[in-house]
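What follows is a set of notes on a single structure, which appears directly below.
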Amino acid sequence: MNRTVRDNAEASRYEIFEDGRLAGFTDYRITGKKIAFNHTETLDGFTGRGVAGRLIAEELADARRRNLAVLPFCPVVRGTIARQPEEYLDLVPIEDRQRFNLPA
């Protein structure tokens with residue numbers, strides 16, 4: 001199985017493909033130096049296979065590379081950050097963590 005993640009900037013979303021087929025996506029909005037992740041969806045036939053986890057890991061890594069602060073409005077992205085704070089919490093600005101129920 002071949003999985004690839006790409007930033008579809010025209011559609012403002014990260015997309016994950018499995019063997020060339022769209023398997024899921026996360027919608028986002030960039031404002032200045034912040035990226036707001038709004039909604040993540042795994043398409044029918046791809047659920048329960050780790051697609052969302054891989055997608056979120058890749059998009060958070062890309063946010064880090066691009067020095068973008070993360071606003072995790074999407075509960076799936078927020079949950080990933082909450083479960084792995086040592087890996088991702090620093091991406092969320094300290095002043096925004098309380099609004100997302102994340103530790104300061």
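Scheme for the structure tokens: letters A, B, ... for chains in order shown; per-chain residue numbers from 1; ligand numbers from 1 in order shown.
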Long-range neighbours of range 14-26 of chain A as a PyMOL selection string, 6 Å cut-off, only C-alpha atoms, 6 positions minimum in chain: chain A and resi 2-8+39-43+46
Same residues, C-alpha atoms, saved as a short mmCIF file (atom, residue, chain, number, x, y, z; two decimals), in the first residue's frame:
```
data_model
loop_
_atom_site.label_atom_id
_atom_site.label_comp_id
_atom_site.auth_asym_id
_atom_site.auth_seq_id
_atom_site.Cartn_x
_atom_site.Cartn_y
_atom_site.Cartn_z
CA ASN A 2 1.35 3.39 -1.01
CA ARG A 3 0.19 6.47 0.94
CA THR A 4 1.05 10.02 0.00
CA VAL A 5 0.02 13.33 1.52
CA ARG A 6 0.00 16.58 -0.39
CA ASP A 7 -0.99 20.15 0.25
CA ASN A 8 -3.67 21.12 -2.26
CA HIS A 39 -12.23 19.70 9.46
CA THR A 40 -10.73 16.26 8.83
CA GLU A 41 -12.57 13.57 6.93
CA THR A 42 -11.70 9.99 6.07
CA LEU A 43 -13.60 8.80 3.01
CA PHE A 46 -10.65 3.98 4.26
#
```
Which of chain A fall in strand (DSSP E), as number ranges by chain: A: 3-8, 13-18, 21-31, 34-42, 69-72
Helix (DSSP H, G or I) residues, from DSSP on the backbone, in chain A, as number ranges by chain: A: 9-11, 51-65, 75-83, 85-91, 94-100
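CA of Pro103 in chain A lies 26.4 Å from CA of Val51 in chain A.
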